[in-house]
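To be precise, the following lines are work38.cif, and they hold mmCIF, C-alpha atoms.
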data_query
#
loop_
_atom_site.label_atom_id
_atom_site.label_comp_id
_atom_site.auth_asym_id
_atom_site.auth_seq_id
_atom_site.Cartn_x
_atom_site.Cartn_y
_atom_site.Cartn_z
CA MET A 148 -76.88 107.21 103.72
CA GLY A 149 -76.64 104.55 106.39
CA VAL A 150 -74.43 102.08 108.20
CA GLU A 151 -74.85 98.62 109.65
CA ALA A 152 -73.60 97.63 113.09
CA LEU A 153 -71.13 94.71 112.96
CA LEU A 154 -69.73 92.62 115.79
CA ARG A 155 -66.11 91.46 115.93
CA TRP A 156 -64.78 88.95 118.44
CA ASN A 157 -61.06 89.38 119.12
CA ASN A 158 -60.31 85.74 119.81
CA ALA A 159 -56.93 85.06 121.44
CA LYS A 160 -56.27 82.08 119.16
CA PHE A 161 -57.87 83.00 115.84
CA GLY A 162 -57.76 86.81 115.84
CA ALA A 163 -60.68 89.08 114.86
CA LEU A 164 -63.65 86.93 113.90
CA GLY A 165 -66.80 88.13 112.16
CA PRO A 166 -70.29 87.14 113.30
CA GLY A 167 -70.58 84.32 110.78
CA ASN A 168 -68.10 82.38 112.91
CA TYR A 169 -70.12 82.42 116.11
CA MET A 170 -73.57 84.03 115.88
CA PRO A 171 -75.35 80.81 114.77
CA TYR A 172 -74.26 79.29 118.09
CA VAL A 173 -74.86 82.42 120.19
CA GLU A 174 -78.40 82.75 118.85
CA GLN A 175 -79.22 79.34 120.28
CA SER A 176 -77.81 80.20 123.71
CA SER A 177 -78.78 82.36 126.67
CA LEU A 178 -76.16 84.91 125.58
CA ILE A 179 -78.28 86.25 122.74
CA GLY A 180 -80.32 88.58 124.99
CA PRO A 181 -77.33 90.30 126.63
CA ILE A 182 -75.47 90.54 123.31
CA THR A 183 -78.47 92.12 121.57
CA ARG A 184 -78.80 94.71 124.34
CA PHE A 185 -75.03 95.34 124.23
CA VAL A 186 -75.10 96.01 120.48
CA LEU A 187 -78.09 98.36 120.68
CA GLY A 188 -76.50 100.23 123.57
CA LYS A 189 -73.21 100.60 121.70
CA VAL A 190 -74.99 101.84 118.60
CA ALA A 191 -76.71 104.61 120.55
CA GLU A 192 -73.54 105.48 122.47
CA GLU A 193 -71.04 105.52 119.60
CA VAL A 194 -72.97 106.47 116.48
CA GLY A 195 -75.34 108.73 118.38
CA GLN A 196 -72.50 111.01 119.42
CA LEU A 197 -71.24 111.66 115.88
CA ALA A 198 -72.33 115.06 114.64
CA THR A 199 -71.42 113.99 111.08
CA ALA A 200 -73.76 111.00 111.34
CA GLU A 201 -76.96 112.73 112.39
CA SER A 202 -78.75 111.89 109.16
CA LEU A 203 -77.56 108.28 108.93
CA TYR A 204 -79.85 105.36 109.51
CA VAL A 205 -78.25 102.48 111.42
CA GLY A 206 -79.13 98.88 110.71
CA VAL A 207 -78.96 96.28 113.49
CA ASN A 208 -79.64 92.58 113.01
CA VAL A 209 -82.10 91.34 115.61
CA PRO A 210 -82.94 87.62 115.94
CA PHE A 211 -86.56 86.59 115.99
CA SER A 212 -86.23 85.26 119.56
CA GLN A 213 -85.39 88.75 120.84
CA LEU A 214 -87.75 90.78 118.71
CA SER A 215 -90.67 88.65 119.84
CA HIS A 216 -89.59 88.76 123.52
CA PRO A 217 -92.26 90.41 125.70
CA GLU A 218 -89.80 92.95 127.14
CA PHE A 219 -88.01 93.91 123.92
CA VAL A 220 -90.10 96.98 123.08
CA ALA A 221 -89.81 98.38 126.60
CA ASP A 222 -86.06 97.70 126.75
CA LEU A 223 -85.48 99.40 123.41
CA SER A 224 -87.48 102.47 124.38
CA VAL A 225 -85.49 102.84 127.60
CA MET A 226 -82.05 102.17 126.13
CA ILE A 227 -82.14 104.41 123.06
CA PRO A 228 -85.23 106.64 123.14
CA ARG A 229 -83.66 109.45 121.06
CA PHE A 230 -82.24 107.08 118.49
CA LEU A 231 -85.36 105.21 117.47
CA ARG A 232 -86.13 107.25 114.35
CA ARG A 233 -82.72 106.38 112.91
CA LEU A 234 -82.92 102.69 113.70
CA VAL A 235 -83.54 99.96 111.12
CA LEU A 236 -84.03 96.53 112.65
CA GLU A 237 -83.08 93.75 110.25
CA ILE A 238 -84.95 90.45 110.31
CA SER A 239 -83.69 87.39 108.45
CA HIS A 240 -86.18 86.10 105.88
CA HIS A 241 -85.43 82.57 107.11
CA GLU A 242 -86.83 83.43 110.53
CA LEU A 243 -89.90 85.08 109.06
CA ARG A 244 -91.15 81.66 107.97
CA ASP A 245 -91.79 80.82 111.62
CA ALA A 246 -93.16 84.21 112.61
CA THR A 247 -96.27 84.46 114.74
CA PRO A 248 -98.93 87.20 114.83
CA ASN A 249 -97.17 88.57 117.93
CA LEU A 250 -94.17 89.58 115.81
CA SER A 251 -96.45 91.58 113.53
CA ARG A 252 -97.82 93.41 116.59
CA VAL A 253 -94.28 94.17 117.86
CA ILE A 254 -93.32 95.60 114.47
CA ALA A 255 -96.46 97.76 114.40
CA THR A 256 -95.73 99.07 117.92
CA LEU A 257 -92.11 99.94 117.16
CA ARG A 258 -92.97 101.48 113.83
CA LYS A 259 -95.10 104.04 115.68
CA THR A 260 -91.92 105.20 117.49
CA GLY A 261 -90.11 105.74 114.18
CA VAL A 262 -88.22 102.43 113.94
CA ARG A 263 -88.03 100.98 110.44
CA PHE A 264 -87.59 97.37 109.39
CA ALA A 265 -85.56 95.49 106.80
CA LEU A 266 -86.04 91.98 105.50
CA SER A 267 -82.47 90.74 105.07
CA GLY A 268 -80.58 87.90 103.42
CA LEU A 269 -82.96 87.44 100.51
CA ASN A 270 -81.20 84.82 98.40
CA PRO A 271 -82.13 84.47 94.73
CA ASN A 272 -81.20 80.77 94.91
CA ASP A 273 -83.67 80.09 97.70
CA GLY A 274 -86.63 78.86 95.70
CA ALA A 275 -88.61 78.10 98.85
CA TRP A 276 -88.90 81.78 99.75
CA ARG A 277 -91.97 83.84 99.02
CA TRP A 278 -93.35 87.10 100.38
CA ARG A 279 -95.82 86.46 103.16
CA ASP A 280 -99.04 88.42 102.87
CA GLY A 281 -99.71 90.89 105.64
CA TRP A 282 -96.05 91.78 106.26
CA SER A 283 -94.40 95.06 105.33
CA PHE A 284 -90.82 96.32 105.43
CA GLU A 285 -89.20 99.61 104.56
CA MET A 286 -86.20 97.80 103.07
CA VAL A 287 -85.50 94.48 101.36
CA LYS A 288 -81.84 93.41 101.39
CA LEU A 289 -80.76 91.10 98.59
CA ASP A 290 -78.01 88.61 99.46
CA ARG A 291 -74.57 88.93 97.84
CA ALA A 292 -75.25 85.65 96.00
CA ILE A 293 -76.85 87.78 93.28
CA PHE A 294 -73.35 88.66 92.05
CA HIS A 295 -72.45 84.98 91.62
CA LEU A 296 -74.98 84.64 88.81
CA ASP A 297 -74.10 85.15 85.17
CA PRO A 298 -75.02 88.63 83.84
CA TYR A 299 -78.22 87.56 82.09
CA GLU A 300 -79.56 85.57 85.04
CA ARG A 301 -78.51 88.31 87.46
CA SER A 302 -80.39 90.94 85.46
CA ARG A 303 -83.49 88.76 85.34
CA VAL A 304 -83.44 88.00 89.06
CA LEU A 305 -82.73 91.62 89.99
CA GLU A 306 -85.69 92.80 87.96
CA THR A 307 -87.95 90.27 89.67
CA MET A 308 -86.72 91.10 93.18
CA ILE A 309 -86.88 94.84 92.65
CA THR A 310 -90.43 94.60 91.34
CA LEU A 311 -91.36 92.47 94.35
CA ALA A 312 -89.89 95.01 96.77
CA HIS A 313 -91.50 97.99 95.06
CA ASP A 314 -94.88 96.27 94.87
CA HIS A 315 -94.71 96.08 98.68
CA HIS A 316 -93.58 99.73 99.02
CA ALA A 317 -90.02 98.82 100.07
CA VAL A 318 -86.66 99.92 98.73
CA LEU A 319 -84.16 97.31 97.60
CA VAL A 320 -80.61 97.18 98.96
CA GLY A 321 -78.05 95.09 97.07
CA GLU A 322 -75.59 93.62 99.57
CA GLY A 323 -72.06 92.42 98.80
CA VAL A 324 -71.11 95.20 96.38
CA GLU A 325 -67.34 94.68 96.23
CA THR A 326 -66.32 95.89 92.75
CA ALA A 327 -67.14 98.60 90.25
CA ALA A 328 -68.78 95.92 88.11
CA HIS A 329 -71.13 95.02 90.99
CA HIS A 330 -71.97 98.70 91.46
CA ASP A 331 -72.62 99.20 87.75
CA ALA A 332 -74.88 96.13 87.66
CA LEU A 333 -77.06 97.66 90.38
CA LEU A 334 -76.88 101.13 88.89
CA ALA A 335 -78.39 99.80 85.67
CA THR A 336 -81.51 98.71 87.58
CA TRP A 337 -84.10 100.38 89.79
CA ALA A 338 -82.41 99.23 92.98
CA GLU A 339 -82.13 102.17 95.37
CA LEU A 340 -79.12 101.34 97.52
CA GLY A 341 -75.93 99.30 97.51
CA GLN A 342 -73.94 98.04 100.49
CA GLY A 343 -70.48 96.52 100.53
CA PHE A 344 -66.71 96.90 100.52
CA TYR A 345 -66.79 98.87 97.26
CA TYR A 346 -68.13 101.80 99.28
CA SER A 347 -66.24 101.19 102.51
CA ARG A 348 -64.64 98.46 104.55
CA ALA A 349 -65.86 97.90 108.11
CA LEU A 350 -64.81 100.86 110.27
CA SER A 351 -64.39 101.58 113.95
CA VAL A 352 -66.49 104.51 115.13
CA GLY A 353 -63.42 106.80 115.11
CA ARG A 354 -62.59 105.92 111.52
CA LEU A 355 -66.24 106.25 110.57
CA GLU A 356 -66.22 109.82 111.86
CA SER A 357 -63.17 110.66 109.73
CA PHE A 358 -64.68 108.89 106.73
CA LEU A 359 -67.87 110.93 106.94
CA ALA A 360 -66.03 114.19 107.62
CA THR A 361 -64.04 113.81 104.41
CA GLY A 362 -67.13 113.25 102.30
CA GLY A 363 -67.01 109.47 102.19
CA GLY A 364 -70.14 107.42 101.83
CA ALA A 365 -72.12 105.15 99.58
CA THR A 366 -73.46 106.37 96.29
CA ILE A 367 -77.22 106.64 96.37
CA LEU A 368 -78.42 104.68 93.39
CA LYS A 369 -81.96 106.00 93.51
CA TRP A 370 -83.67 107.63 96.47
CA ARG A 371 -87.25 106.90 97.41
CA ILE A 372 -87.30 106.08 101.14
CA LYS A 373 -89.93 108.20 102.81
CA LYS A 374 -88.35 109.73 105.91
CA ASP A 375 -91.69 110.08 107.66
CA ARG A 376 -92.53 106.37 107.52
#

Please, can you express the file's structure as structure tokens?
Amino acid sequence: MGVEALLRWNNAKFGALGPGNYMPYVEQSSLIGPITRFVLGKVAEEVGQLATAESLYVGVNVPFSQLSHPEFVADLSVMIPRFLRRLVLEISHHELRDATPNLSRVIATLRKTGVRFALSGLNPNDGAWRWRDGWSFEMVKLDRAIFHLDPYERSRVLETMITLAHDHHAVLVGEGVETAAHHDALLATWAELGQGFYYSRALSVGRLESFLATGGGATILKWRIKKDR
């Protein structure tokens, strides 16, 4: 169905570190521009060459500072012109609070090239969050914290979040699906997609190719993404 690009830093002292260990610092530094371009270039180079991945969408987290940069649209169009219709740019809902009208214009421009957008990290415990009028996303990604709730509360929150996403013509992706129980909890709802270790651990591009060739992949809970959007 789709994959998400993940960074790993092979630190000499601490080993392979995930982005949670360093991206909050990188995003506040001058490195964020080069790293964003590096990730997008690698996505096009590695995933783009896989014949077994031609129908996959690829999600890439992009910080607000880069998406709203004046040269971002031009850079993206030059770097990966043939990959745009498979690209889903993920924006943190925390950053959306500070969004300006310029970001809305950037999204509209990229959407015309086929790029889709996801609102990520939606946390059911974040009572300060609300959907901002005038914004639209093809996907809404619900934080793994949903699985920390008791079954009754989880069902209630899932129903609310799914309704919210569908009312805004977006599909809902449940992140952090690590067990069969997590999968079953989503399957019992109208959530469309699940993402997490239950379906696959993080894979190098070579292992991804083998995984796809042998029929691996996430179970589609319910399918309603319009491919022509």

Any chance you could resolve the PyMOL selection byres ((chain A and resi 198-202) around 7) against this file and give the residues as a PDB file with C-alpha atoms, in the frame of the given file?
ATOM      1  CA  VAL A 194     -72.970 106.470 116.480  1.00  0.00           C
ATOM      2  CA  GLN A 196     -72.500 111.010 119.420  1.00  0.00           C
ATOM      3  CA  LEU A 197     -71.240 111.660 115.880  1.00  0.00           C
ATOM      4  CA  LEU A 203     -77.560 108.280 108.930  1.00  0.00           C
ATOM      5  CA  TYR A 204     -79.850 105.360 109.510  1.00  0.00           C
ATOM      6  CA  GLU A 356     -66.220 109.820 111.860  1.00  0.00           C
ATOM      7  CA  LEU A 359     -67.870 110.930 106.940  1.00  0.00           C
ATOM      8  CA  ALA A 360     -66.030 114.190 107.620  1.00  0.00           C
TER       9      ALA A 360
END

Interatomic distance (Å, one decimal) between atom CA of Val320 of chain A and atom CA of Glu300 of chain A: 18.2 Å

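Atom CA of Arg258 of chain A sits 14.9 Å away from atom CA of His316 of chain A.
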
Test item: the PyMOL selection byres ((chain A and resi 246) around 12) resolved as a ChimeraX atom specification: /A:210-212,214-215,238-245,247-254,279,281-282

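Counting only C-alpha atoms and comparing A:Glu306, A:Ser267, A:Tyr172, A:Val318, the residue that lies closest to Thr336 of chain A is A:Glu306.
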
On this structure, which residues satisfy the PyMOL selection byres ((chain A and resi 313) around 12), written as an mmCIF file with C-alpha atoms, in the frame of the given file?
data_model
loop_
_atom_site.group_PDB
_atom_site.id
_atom_site.type_symbol
_atom_site.label_atom_id
_atom_site.label_comp_id
_atom_site.auth_asym_id
_atom_site.auth_seq_id
_atom_site.Cartn_x
_atom_site.Cartn_y
_atom_site.Cartn_z
ATOM 1 C CA SER A 283 -94.400 95.060 105.330
ATOM 2 C CA PHE A 284 -90.820 96.320 105.430
ATOM 3 C CA GLU A 285 -89.200 99.610 104.560
ATOM 4 C CA MET A 286 -86.200 97.800 103.070
ATOM 5 C CA VAL A 287 -85.500 94.480 101.360
ATOM 6 C CA LEU A 305 -82.730 91.620 89.990
ATOM 7 C CA GLU A 306 -85.690 92.800 87.960
ATOM 8 C CA THR A 307 -87.950 90.270 89.670
ATOM 9 C CA MET A 308 -86.720 91.100 93.180
ATOM 10 C CA ILE A 309 -86.880 94.840 92.650
ATOM 11 C CA THR A 310 -90.430 94.600 91.340
ATOM 12 C CA LEU A 311 -91.360 92.470 94.350
ATOM 13 C CA ALA A 312 -89.890 95.010 96.770
ATOM 14 C CA ASP A 314 -94.880 96.270 94.870
ATOM 15 C CA HIS A 315 -94.710 96.080 98.680
ATOM 16 C CA HIS A 316 -93.580 99.730 99.020
ATOM 17 C CA ALA A 317 -90.020 98.820 100.070
ATOM 18 C CA VAL A 318 -86.660 99.920 98.730
ATOM 19 C CA LEU A 319 -84.160 97.310 97.600
ATOM 20 C CA VAL A 320 -80.610 97.180 98.960
ATOM 21 C CA TRP A 337 -84.100 100.380 89.790
ATOM 22 C CA ALA A 338 -82.410 99.230 92.980
ATOM 23 C CA GLU A 339 -82.130 102.170 95.370
ATOM 24 C CA ARG A 371 -87.250 106.900 97.410
ATOM 25 C CA ILE A 372 -87.300 106.080 101.140
#

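Taking atom CA of Val262 of chain A and atom CA of Glu325 of chain A as endpoints, the distance between them is 28.5 Å.
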
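Among the candidates A:Glu193, A:Arg354, A:Thr183, A:Lys160, the residue lying nearest to His216 of chain A is A:Thr183 (atoms considered: all atoms listed in the file).
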
Using all atoms listed in the file: which of A:Leu153, A:Leu350, A:Lys259, A:Asn208 has the shortest distance to Ile179 of chain A: A:Asn208

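Minimum distance to Val220 of chain A across A:Lys189, A:Arg184, A:Arg233, A:Arg291 (counting all atoms listed in the file) occurs at A:Arg184.
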
Go ahead and find all residues with at least one atom no further than 12 Å from (-63.7, 98.1, 102.1) in the file's coordinates, using all atoms listed in the file; report them as an mmCIF file with C-alpha atoms, keeping the file's coordinate frame.
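Result file follows (out.cif):
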data_model
loop_
_atom_site.group_PDB
_atom_site.id
_atom_site.type_symbol
_atom_site.label_atom_id
_atom_site.label_comp_id
_atom_site.auth_asym_id
_atom_site.auth_seq_id
_atom_site.Cartn_x
_atom_site.Cartn_y
_atom_site.Cartn_z
ATOM 1 C CA GLY A 323 -72.060 92.420 98.800
ATOM 2 C CA VAL A 324 -71.110 95.200 96.380
ATOM 3 C CA GLU A 325 -67.340 94.680 96.230
ATOM 4 C CA THR A 326 -66.320 95.890 92.750
ATOM 5 C CA GLN A 342 -73.940 98.040 100.490
ATOM 6 C CA GLY A 343 -70.480 96.520 100.530
ATOM 7 C CA PHE A 344 -66.710 96.900 100.520
ATOM 8 C CA TYR A 345 -66.790 98.870 97.260
ATOM 9 C CA TYR A 346 -68.130 101.800 99.280
ATOM 10 C CA SER A 347 -66.240 101.190 102.510
ATOM 11 C CA ARG A 348 -64.640 98.460 104.550
ATOM 12 C CA ALA A 349 -65.860 97.900 108.110
ATOM 13 C CA LEU A 350 -64.810 100.860 110.270
ATOM 14 C CA PHE A 358 -64.680 108.890 106.730
ATOM 15 C CA GLY A 363 -67.010 109.470 102.190
ATOM 16 C CA GLY A 364 -70.140 107.420 101.830
ATOM 17 C CA ALA A 365 -72.120 105.150 99.580
#

Shell around Leu296 of chain A at 12 Å using only C-alpha atoms, local window under 4 positions removed, as a PyMOL selection string: chain A and resi 270-272+290-292+300-305+329+332
